[in-house]
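Student: Next comes the structure file target.cif, holding mmCIF, N, CA and C atoms; chains and numbers go by the auth columns.
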```cif
data_data
loop_
_atom_site.group_PDB
_atom_site.id
_atom_site.type_symbol
_atom_site.label_atom_id
_atom_site.label_comp_id
_atom_site.label_asym_id
_atom_site.label_seq_id
_atom_site.Cartn_x
_atom_site.Cartn_y
_atom_site.Cartn_z
_atom_site.B_iso_or_equiv
_atom_site.auth_seq_id
_atom_site.auth_asym_id
ATOM 1 N N MET A 1 28.907 -33.415 18.349 0.00 1386 A
ATOM 2 C CA MET A 1 28.242 -34.650 18.680 0.00 1386 A
ATOM 3 C C MET A 1 28.584 -35.024 20.121 0.00 1386 A
ATOM 4 N N LYS A 2 27.633 -35.542 20.793 0.00 1387 A
ATOM 5 C CA LYS A 2 27.856 -35.896 22.197 0.00 1387 A
ATOM 6 C C LYS A 2 28.803 -37.082 22.331 0.00 1387 A
ATOM 7 N N LYS A 3 29.594 -37.074 23.389 0.00 1388 A
ATOM 8 C CA LYS A 3 30.564 -38.141 23.644 0.00 1388 A
ATOM 9 C C LYS A 3 29.873 -39.453 24.005 0.00 1388 A
ATOM 10 N N GLU A 4 28.625 -39.373 24.452 0.00 1389 A
ATOM 11 C CA GLU A 4 27.935 -40.584 24.895 0.00 1389 A
ATOM 12 C C GLU A 4 27.466 -41.476 23.745 0.00 1389 A
ATOM 13 N N TYR A 5 27.512 -40.958 22.509 0.00 1390 A
ATOM 14 C CA TYR A 5 27.131 -41.774 21.367 0.00 1390 A
ATOM 15 C C TYR A 5 28.244 -42.770 21.070 0.00 1390 A
ATOM 16 N N ASP A 6 27.877 -44.023 20.907 0.00 1391 A
ATOM 17 C CA ASP A 6 28.859 -45.073 20.642 0.00 1391 A
ATOM 18 C C ASP A 6 28.625 -45.633 19.243 0.00 1391 A
ATOM 19 N N PHE A 7 29.533 -45.336 18.349 0.00 1392 A
ATOM 20 C CA PHE A 7 29.420 -45.825 16.981 0.00 1392 A
ATOM 21 C C PHE A 7 30.428 -46.935 16.692 0.00 1392 A
ATOM 22 N N SER A 8 30.983 -47.517 17.725 0.00 1393 A
ATOM 23 C CA SER A 8 32.019 -48.529 17.532 0.00 1393 A
ATOM 24 C C SER A 8 31.497 -49.754 16.782 0.00 1393 A
ATOM 25 N N LYS A 9 30.221 -50.040 16.882 0.00 1394 A
ATOM 26 C CA LYS A 9 29.635 -51.190 16.179 0.00 1394 A
ATOM 27 C C LYS A 9 28.829 -50.747 14.953 0.00 1394 A
ATOM 28 N N GLY A 10 28.979 -49.474 14.615 0.00 1395 A
ATOM 29 C CA GLY A 10 28.247 -48.952 13.451 0.00 1395 A
ATOM 30 C C GLY A 10 28.799 -49.485 12.144 0.00 1395 A
ATOM 31 N N GLU A 11 27.948 -49.498 11.137 0.00 1396 A
ATOM 32 C CA GLU A 11 28.334 -49.994 9.819 0.00 1396 A
ATOM 33 C C GLU A 11 28.240 -48.841 8.825 0.00 1396 A
ATOM 34 N N ARG A 12 29.364 -48.425 8.283 0.00 1397 A
ATOM 35 C CA ARG A 12 29.400 -47.294 7.359 0.00 1397 A
ATOM 36 C C ARG A 12 28.658 -47.637 6.056 0.00 1397 A
ATOM 37 N N GLY A 13 27.773 -46.737 5.641 0.00 1398 A
ATOM 38 C CA GLY A 13 27.067 -46.894 4.377 0.00 1398 A
ATOM 39 C C GLY A 13 25.959 -47.926 4.377 0.00 1398 A
ATOM 40 N N LYS A 14 25.482 -48.312 5.517 0.00 1399 A
ATOM 41 C CA LYS A 14 24.478 -49.370 5.608 0.00 1399 A
ATOM 42 C C LYS A 14 23.209 -49.020 4.839 0.00 1399 A
ATOM 43 N N PHE A 15 22.806 -47.759 4.878 0.00 1400 A
ATOM 44 C CA PHE A 15 21.563 -47.352 4.233 0.00 1400 A
ATOM 45 C C PHE A 15 21.797 -46.521 2.979 0.00 1400 A
ATOM 46 N N TYR A 16 23.029 -46.461 2.509 0.00 1401 A
ATOM 47 C CA TYR A 16 23.364 -45.671 1.327 0.00 1401 A
ATOM 48 C C TYR A 16 23.061 -46.465 0.054 0.00 1401 A
ATOM 49 N N HIS A 17 22.294 -45.855 -0.841 0.00 1402 A
ATOM 50 C CA HIS A 17 21.970 -46.454 -2.129 0.00 1402 A
ATOM 51 C C HIS A 17 22.188 -45.397 -3.204 0.00 1402 A
ATOM 52 N N PRO A 18 23.297 -45.479 -3.950 0.00 1403 A
ATOM 53 C CA PRO A 18 23.621 -44.424 -4.913 0.00 1403 A
ATOM 54 C C PRO A 18 22.599 -44.261 -6.024 0.00 1403 A
ATOM 55 N N ASP A 19 21.856 -45.300 -6.355 0.00 1404 A
ATOM 56 C CA ASP A 19 20.892 -45.213 -7.443 0.00 1404 A
ATOM 57 C C ASP A 19 19.475 -44.873 -6.962 0.00 1404 A
ATOM 58 N N ALA A 20 19.331 -44.613 -5.688 0.00 1405 A
ATOM 59 C CA ALA A 20 18.012 -44.302 -5.143 0.00 1405 A
ATOM 60 C C ALA A 20 17.554 -42.921 -5.611 0.00 1405 A
ATOM 61 N N GLU A 21 16.290 -42.809 -6.013 0.00 1406 A
ATOM 62 C CA GLU A 21 15.720 -41.517 -6.410 0.00 1406 A
ATOM 63 C C GLU A 21 14.884 -40.982 -5.253 0.00 1406 A
ATOM 64 N N LEU A 22 15.102 -39.728 -4.946 0.00 1407 A
ATOM 65 C CA LEU A 22 14.351 -39.106 -3.862 0.00 1407 A
ATOM 66 C C LEU A 22 13.083 -38.473 -4.403 0.00 1407 A
ATOM 67 N N SER A 23 12.065 -38.559 -3.634 0.00 1408 A
ATOM 68 C CA SER A 23 10.808 -37.906 -3.977 0.00 1408 A
ATOM 69 C C SER A 23 10.473 -36.993 -2.802 0.00 1408 A
ATOM 70 N N ILE A 24 10.882 -35.735 -2.925 0.00 1409 A
ATOM 71 C CA ILE A 24 10.743 -34.790 -1.830 0.00 1409 A
ATOM 72 C C ILE A 24 9.386 -34.088 -1.937 0.00 1409 A
ATOM 73 N N PRO A 25 8.597 -34.102 -0.880 0.00 1410 A
ATOM 74 C CA PRO A 25 7.306 -33.422 -0.942 0.00 1410 A
ATOM 75 C C PRO A 25 7.481 -31.903 -0.955 0.00 1410 A
ATOM 76 N N ILE A 26 6.684 -31.261 -1.769 0.00 1411 A
ATOM 77 C CA ILE A 26 6.688 -29.808 -1.840 0.00 1411 A
ATOM 78 C C ILE A 26 5.274 -29.343 -1.525 0.00 1411 A
ATOM 79 N N TYR A 27 5.166 -28.431 -0.582 0.00 1412 A
ATOM 80 C CA TYR A 27 3.866 -27.954 -0.150 0.00 1412 A
ATOM 81 C C TYR A 27 3.584 -26.593 -0.768 0.00 1412 A
ATOM 82 N N LEU A 28 2.459 -26.498 -1.451 0.00 1413 A
ATOM 83 C CA LEU A 28 2.074 -25.253 -2.111 0.00 1413 A
ATOM 84 C C LEU A 28 1.131 -24.457 -1.228 0.00 1413 A
ATOM 85 N N GLU A 29 1.220 -23.154 -1.350 0.00 1414 A
ATOM 86 C CA GLU A 29 0.273 -22.287 -0.659 0.00 1414 A
ATOM 87 C C GLU A 29 -1.118 -22.551 -1.254 0.00 1414 A
ATOM 88 N N PRO A 30 -2.174 -22.362 -0.478 0.00 1415 A
ATOM 89 C CA PRO A 30 -3.523 -22.685 -0.958 0.00 1415 A
ATOM 90 C C PRO A 30 -3.904 -21.995 -2.269 0.00 1415 A
ATOM 91 N N ASP A 31 -3.535 -20.730 -2.447 0.00 1416 A
ATOM 92 C CA ASP A 31 -3.907 -20.036 -3.682 0.00 1416 A
ATOM 93 C C ASP A 31 -3.188 -20.611 -4.897 0.00 1416 A
ATOM 94 N N VAL A 32 -1.956 -21.084 -4.710 0.00 1417 A
ATOM 95 C CA VAL A 32 -1.211 -21.696 -5.804 0.00 1417 A
ATOM 96 C C VAL A 32 -1.755 -23.096 -6.078 0.00 1417 A
ATOM 97 N N ALA A 33 -2.103 -23.816 -5.030 0.00 1418 A
ATOM 98 C CA ALA A 33 -2.643 -25.171 -5.175 0.00 1418 A
ATOM 99 C C ALA A 33 -3.963 -25.173 -5.933 0.00 1418 A
ATOM 100 N N LYS A 34 -4.718 -24.087 -5.862 0.00 1419 A
ATOM 101 C CA LYS A 34 -5.974 -24.001 -6.620 0.00 1419 A
ATOM 102 C C LYS A 34 -5.712 -23.976 -8.116 0.00 1419 A
ATOM 103 N N VAL A 35 -4.607 -23.362 -8.515 0.00 1420 A
ATOM 104 C CA VAL A 35 -4.272 -23.244 -9.938 0.00 1420 A
ATOM 105 C C VAL A 35 -3.621 -24.522 -10.453 0.00 1420 A
ATOM 106 N N PHE A 36 -2.707 -25.074 -9.662 0.00 1421 A
ATOM 107 C CA PHE A 36 -1.988 -26.278 -10.069 0.00 1421 A
ATOM 108 C C PHE A 36 -2.530 -27.464 -9.297 0.00 1421 A
ATOM 109 N N ARG A 37 -3.395 -28.214 -9.927 0.00 1422 A
ATOM 110 C CA ARG A 37 -4.087 -29.316 -9.249 0.00 1422 A
ATOM 111 C C ARG A 37 -3.265 -30.604 -9.155 0.00 1422 A
ATOM 112 N N SER A 38 -2.221 -30.727 -9.984 0.00 1423 A
ATOM 113 C CA SER A 38 -1.455 -31.974 -9.974 0.00 1423 A
ATOM 114 C C SER A 38 0.039 -31.670 -10.026 0.00 1423 A
ATOM 115 N N SER A 39 0.832 -32.677 -9.703 0.00 1424 A
ATOM 116 C CA SER A 39 2.280 -32.497 -9.766 0.00 1424 A
ATOM 117 C C SER A 39 2.729 -32.322 -11.208 0.00 1424 A
ATOM 118 N N ALA A 40 2.004 -32.925 -12.144 0.00 1425 A
ATOM 119 C CA ALA A 40 2.342 -32.767 -13.565 0.00 1425 A
ATOM 120 C C ALA A 40 2.170 -31.310 -13.996 0.00 1425 A
ATOM 121 N N ALA A 41 1.128 -30.652 -13.515 0.00 1426 A
ATOM 122 C CA ALA A 41 0.895 -29.247 -13.852 0.00 1426 A
ATOM 123 C C ALA A 41 1.989 -28.356 -13.284 0.00 1426 A
ATOM 124 N N VAL A 42 2.407 -28.640 -12.068 0.00 1427 A
ATOM 125 C CA VAL A 42 3.492 -27.868 -11.443 0.00 1427 A
ATOM 126 C C VAL A 42 4.793 -28.089 -12.216 0.00 1427 A
ATOM 127 N N SER A 43 5.087 -29.328 -12.557 0.00 1428 A
ATOM 128 C CA SER A 43 6.306 -29.636 -13.302 0.00 1428 A
ATOM 129 C C SER A 43 6.314 -28.948 -14.657 0.00 1428 A
ATOM 130 N N GLN A 44 5.172 -28.962 -15.344 0.00 1429 A
ATOM 131 C CA GLN A 44 5.081 -28.312 -16.647 0.00 1429 A
ATOM 132 C C GLN A 44 5.339 -26.806 -16.521 0.00 1429 A
ATOM 133 N N ALA A 45 4.765 -26.175 -15.526 0.00 1430 A
ATOM 134 C CA ALA A 45 4.957 -24.739 -15.319 0.00 1430 A
ATOM 135 C C ALA A 45 6.415 -24.422 -14.991 0.00 1430 A
ATOM 136 N N LEU A 46 7.037 -25.236 -14.155 0.00 1431 A
ATOM 137 C CA LEU A 46 8.436 -25.004 -13.795 0.00 1431 A
ATOM 138 C C LEU A 46 9.366 -25.215 -14.989 0.00 1431 A
ATOM 139 N N ARG A 47 9.074 -26.224 -15.809 0.00 1432 A
ATOM 140 C CA ARG A 47 9.900 -26.437 -17.013 0.00 1432 A
ATOM 141 C C ARG A 47 9.767 -25.257 -17.971 0.00 1432 A
ATOM 142 N N SER A 48 8.565 -24.726 -18.115 0.00 1433 A
ATOM 143 C CA SER A 48 8.373 -23.549 -18.966 0.00 1433 A
ATOM 144 C C SER A 48 9.173 -22.369 -18.433 0.00 1433 A
ATOM 145 N N LEU A 49 9.135 -22.181 -17.141 0.00 1434 A
ATOM 146 C CA LEU A 49 9.892 -21.095 -16.521 0.00 1434 A
ATOM 147 C C LEU A 49 11.397 -21.267 -16.751 0.00 1434 A
ATOM 148 N N LEU A 50 11.878 -22.499 -16.652 0.00 1435 A
ATOM 149 C CA LEU A 50 13.293 -22.769 -16.901 0.00 1435 A
ATOM 150 C C LEU A 50 13.677 -22.446 -18.348 0.00 1435 A
ATOM 151 N N ARG A 51 12.808 -22.815 -19.312 0.00 1436 A
ATOM 152 C CA ARG A 51 13.093 -22.510 -20.721 0.00 1436 A
ATOM 153 C C ARG A 51 13.135 -21.004 -20.948 0.00 1436 A
ATOM 154 N N ILE A 52 12.175 -20.289 -20.375 0.00 1437 A
ATOM 155 C CA ILE A 52 12.130 -18.831 -20.523 0.00 1437 A
ATOM 156 C C ILE A 52 13.374 -18.202 -19.894 0.00 1437 A
ATOM 157 N N SER A 53 13.752 -18.688 -18.741 0.00 1438 A
ATOM 158 C CA SER A 53 14.928 -18.167 -18.044 0.00 1438 A
ATOM 159 C C SER A 53 16.194 -18.394 -18.866 0.00 1438 A
ATOM 160 N N ALA A 54 16.340 -19.576 -19.438 0.00 1439 A
ATOM 161 C CA ALA A 54 17.518 -19.884 -20.253 0.00 1439 A
ATOM 162 C C ALA A 54 17.552 -18.991 -21.489 0.00 1439 A
ATOM 163 N N THR A 55 16.400 -18.785 -22.121 0.00 1440 A
ATOM 164 C CA THR A 55 16.328 -17.928 -23.300 0.00 1440 A
ATOM 165 C C THR A 55 16.685 -16.500 -22.938 0.00 1440 A
ATOM 166 N N THR A 56 16.163 -16.007 -21.831 0.00 1441 A
ATOM 167 C CA THR A 56 16.440 -14.643 -21.401 0.00 1441 A
ATOM 168 C C THR A 56 17.927 -14.453 -21.111 0.00 1441 A
ATOM 169 N N ARG A 57 18.532 -15.424 -20.432 0.00 1442 A
ATOM 170 C CA ARG A 57 19.966 -15.334 -20.147 0.00 1442 A
ATOM 171 C C ARG A 57 20.773 -15.328 -21.431 0.00 1442 A
ATOM 172 N N ARG A 58 20.385 -16.189 -22.386 0.00 1443 A
ATOM 173 C CA ARG A 58 21.104 -16.267 -23.648 0.00 1443 A
ATOM 174 C C ARG A 58 20.981 -14.950 -24.419 0.00 1443 A
ATOM 175 N N LEU A 59 19.786 -14.373 -24.461 0.00 1444 A
ATOM 176 C CA LEU A 59 19.583 -13.114 -25.167 0.00 1444 A
ATOM 177 C C LEU A 59 20.350 -11.980 -24.496 0.00 1444 A
ATOM 178 N N ALA A 60 20.346 -11.955 -23.171 0.00 1445 A
ATOM 179 C CA ALA A 60 21.060 -10.908 -22.446 0.00 1445 A
ATOM 180 C C ALA A 60 22.563 -11.025 -22.684 0.00 1445 A
ATOM 181 N N LYS A 61 23.062 -12.237 -22.730 0.00 1446 A
ATOM 182 C CA LYS A 61 24.489 -12.451 -22.960 0.00 1446 A
ATOM 183 C C LYS A 61 24.850 -11.986 -24.367 0.00 1446 A
ATOM 184 N N THR A 62 24.005 -12.287 -25.342 0.00 1447 A
ATOM 185 C CA THR A 62 24.242 -11.867 -26.718 0.00 1447 A
ATOM 186 C C THR A 62 24.216 -10.348 -26.825 0.00 1447 A
ATOM 187 N N ALA A 63 23.274 -9.713 -26.159 0.00 1448 A
ATOM 188 C CA ALA A 63 23.152 -8.254 -26.211 0.00 1448 A
ATOM 189 C C ALA A 63 24.371 -7.584 -25.585 0.00 1448 A
ATOM 190 N N ARG A 64 24.906 -8.139 -24.522 0.00 1449 A
ATOM 191 C CA ARG A 64 26.085 -7.563 -23.874 0.00 1449 A
ATOM 192 C C ARG A 64 27.317 -7.683 -24.759 0.00 1449 A
ATOM 193 N N GLY A 65 27.373 -8.737 -25.574 0.00 1450 A
ATOM 194 C CA GLY A 65 28.540 -8.976 -26.404 0.00 1450 A
ATOM 195 C C GLY A 65 28.544 -8.178 -27.701 0.00 1450 A
ATOM 196 N N ARG A 66 27.452 -7.534 -28.064 0.00 1451 A
ATOM 197 C CA ARG A 66 27.365 -6.786 -29.315 0.00 1451 A
ATOM 198 C C ARG A 66 28.104 -5.462 -29.228 0.00 1451 A
ATOM 199 N N ALA A 67 28.617 -5.041 -30.358 0.00 1452 A
ATOM 200 C CA ALA A 67 29.243 -3.721 -30.433 0.00 1452 A
ATOM 201 C C ALA A 67 28.145 -2.676 -30.498 0.00 1452 A
ATOM 202 N N ALA A 68 28.501 -1.458 -30.182 0.00 1453 A
ATOM 203 C CA ALA A 68 27.530 -0.366 -30.243 0.00 1453 A
ATOM 204 C C ALA A 68 27.079 -0.192 -31.696 0.00 1453 A
ATOM 205 N N SER A 69 25.839 0.201 -31.881 0.00 1454 A
ATOM 206 C CA SER A 69 25.309 0.373 -33.227 0.00 1454 A
ATOM 207 C C SER A 69 26.036 1.523 -33.919 0.00 1454 A
ATOM 208 N N PRO A 70 26.164 1.490 -35.262 0.00 1455 A
ATOM 209 C CA PRO A 70 26.850 2.563 -35.980 0.00 1455 A
ATOM 210 C C PRO A 70 26.195 3.918 -35.757 0.00 1455 A
ATOM 211 N N ARG A 71 24.889 3.938 -35.667 0.00 1456 A
ATOM 212 C CA ARG A 71 24.162 5.191 -35.455 0.00 1456 A
ATOM 213 C C ARG A 71 24.545 5.819 -34.115 0.00 1456 A
ATOM 214 N N ARG A 72 24.580 4.991 -33.082 0.00 1457 A
ATOM 215 C CA ARG A 72 24.920 5.478 -31.747 0.00 1457 A
ATOM 216 C C ARG A 72 26.377 5.944 -31.710 0.00 1457 A
ATOM 217 N N SER A 73 27.272 5.208 -32.401 0.00 1458 A
ATOM 218 C CA SER A 73 28.681 5.608 -32.445 0.00 1458 A
ATOM 219 C C SER A 73 28.828 6.967 -33.113 0.00 1458 A
ATOM 220 N N ALA A 74 28.078 7.205 -34.185 0.00 1459 A
ATOM 221 C CA ALA A 74 28.120 8.481 -34.881 0.00 1459 A
ATOM 222 C C ALA A 74 27.611 9.598 -33.975 0.00 1459 A
ATOM 223 N N GLN A 75 26.578 9.324 -33.207 0.00 1460 A
ATOM 224 C CA GLN A 75 26.028 10.333 -32.288 0.00 1460 A
ATOM 225 C C GLN A 75 27.067 10.688 -31.227 0.00 1460 A
ATOM 226 N N ARG A 76 27.785 9.686 -30.721 0.00 1461 A
ATOM 227 C CA ARG A 76 28.808 9.933 -29.704 0.00 1461 A
ATOM 228 C C ARG A 76 29.951 10.775 -30.271 0.00 1461 A
ATOM 229 N N ARG A 77 30.382 10.459 -31.496 0.00 1462 A
ATOM 230 C CA ARG A 77 31.471 11.229 -32.120 0.00 1462 A
ATOM 231 C C ARG A 77 31.054 12.675 -32.350 0.00 1462 A
ATOM 232 N N ALA A 78 29.797 12.885 -32.729 0.00 1463 A
ATOM 233 C CA ALA A 78 29.304 14.234 -32.990 0.00 1463 A
ATOM 234 C C ALA A 78 29.248 15.033 -31.704 0.00 1463 A
ATOM 235 N N ALA A 79 28.953 14.370 -30.601 0.00 1464 A
ATOM 236 C CA ALA A 79 28.831 15.052 -29.322 0.00 1464 A
ATOM 237 C C ALA A 79 30.201 15.447 -28.759 0.00 1464 A
ATOM 238 N N GLU A 80 31.240 14.751 -29.188 0.00 1465 A
ATOM 239 C CA GLU A 80 32.590 15.020 -28.652 0.00 1465 A
ATOM 240 C C GLU A 80 33.177 16.221 -29.232 0.00 1465 A
#
```
Output the file's structure as structure tokens, nothing else.

Tutor:
Amino acid sequence: MKKEYDFSKGERGKFYHPDAELSIPIYLEPDVAKVFRSSAAVSQALRSLLRISATTRRLAKTARGRAASPRRSAQRRAAE
């Protein structure tokens, strides 16, 4: 920050509002905007994607935690 700035009379937190909700604009590419005509449509699509993502993560975590199938274990023992 430049030394020429004088904040000696500044008031800390003057514009801070902890309960304020931000509404950030999001700009869609033209081809995407043709499909999603409203913010509600975009929100619905994103929520669906979040649900699918959570389900996929949960299924992948469950699959990683499973023991090898008995059939596969038998095949491995036979190969040894």

Student: Could you pull out the alpha helix (DSSP H) residues of chain A from DSSP and send them as a ChimeraX atom specification?

Tutor: /A:1415-1420,1424-1450,1455-1464

Student: So the first atom is atom C of Leu1434 in chain A and the second is atom C of Pro1403 in chain A; what is the distance between them in Å, to one decimal place?

Tutor: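 One can read the atom C of Leu1434 in chain A to atom C of Pro1403 in chain A distance as 27.7 Å.
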
Student: Measuring between only C-alpha atoms, which one of A:Leu1444, A:Met1386, A:Val1427, A:Ile1437 shows the shortest distance to Ile1411 in chain A?

Tutor: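 Checking each of A:Leu1444, A:Met1386, A:Val1427, A:Ile1437 against Ile1411 in chain A, counting only C-alpha atoms, the winner is A:Val1427.
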
Student: Can you measure CA of Leu1413 in chain A to CA of Ala1430 in chain A for me? One decimal in Å is fine.

Tutor: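 Interatomic distance here is 13.5 Å.
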
Student: Could you tell me how far atom C of Leu1435 in chain A lies from atom N of Thr1447 in chain A, in Å and to one decimal?

Tutor: 16.1 Å
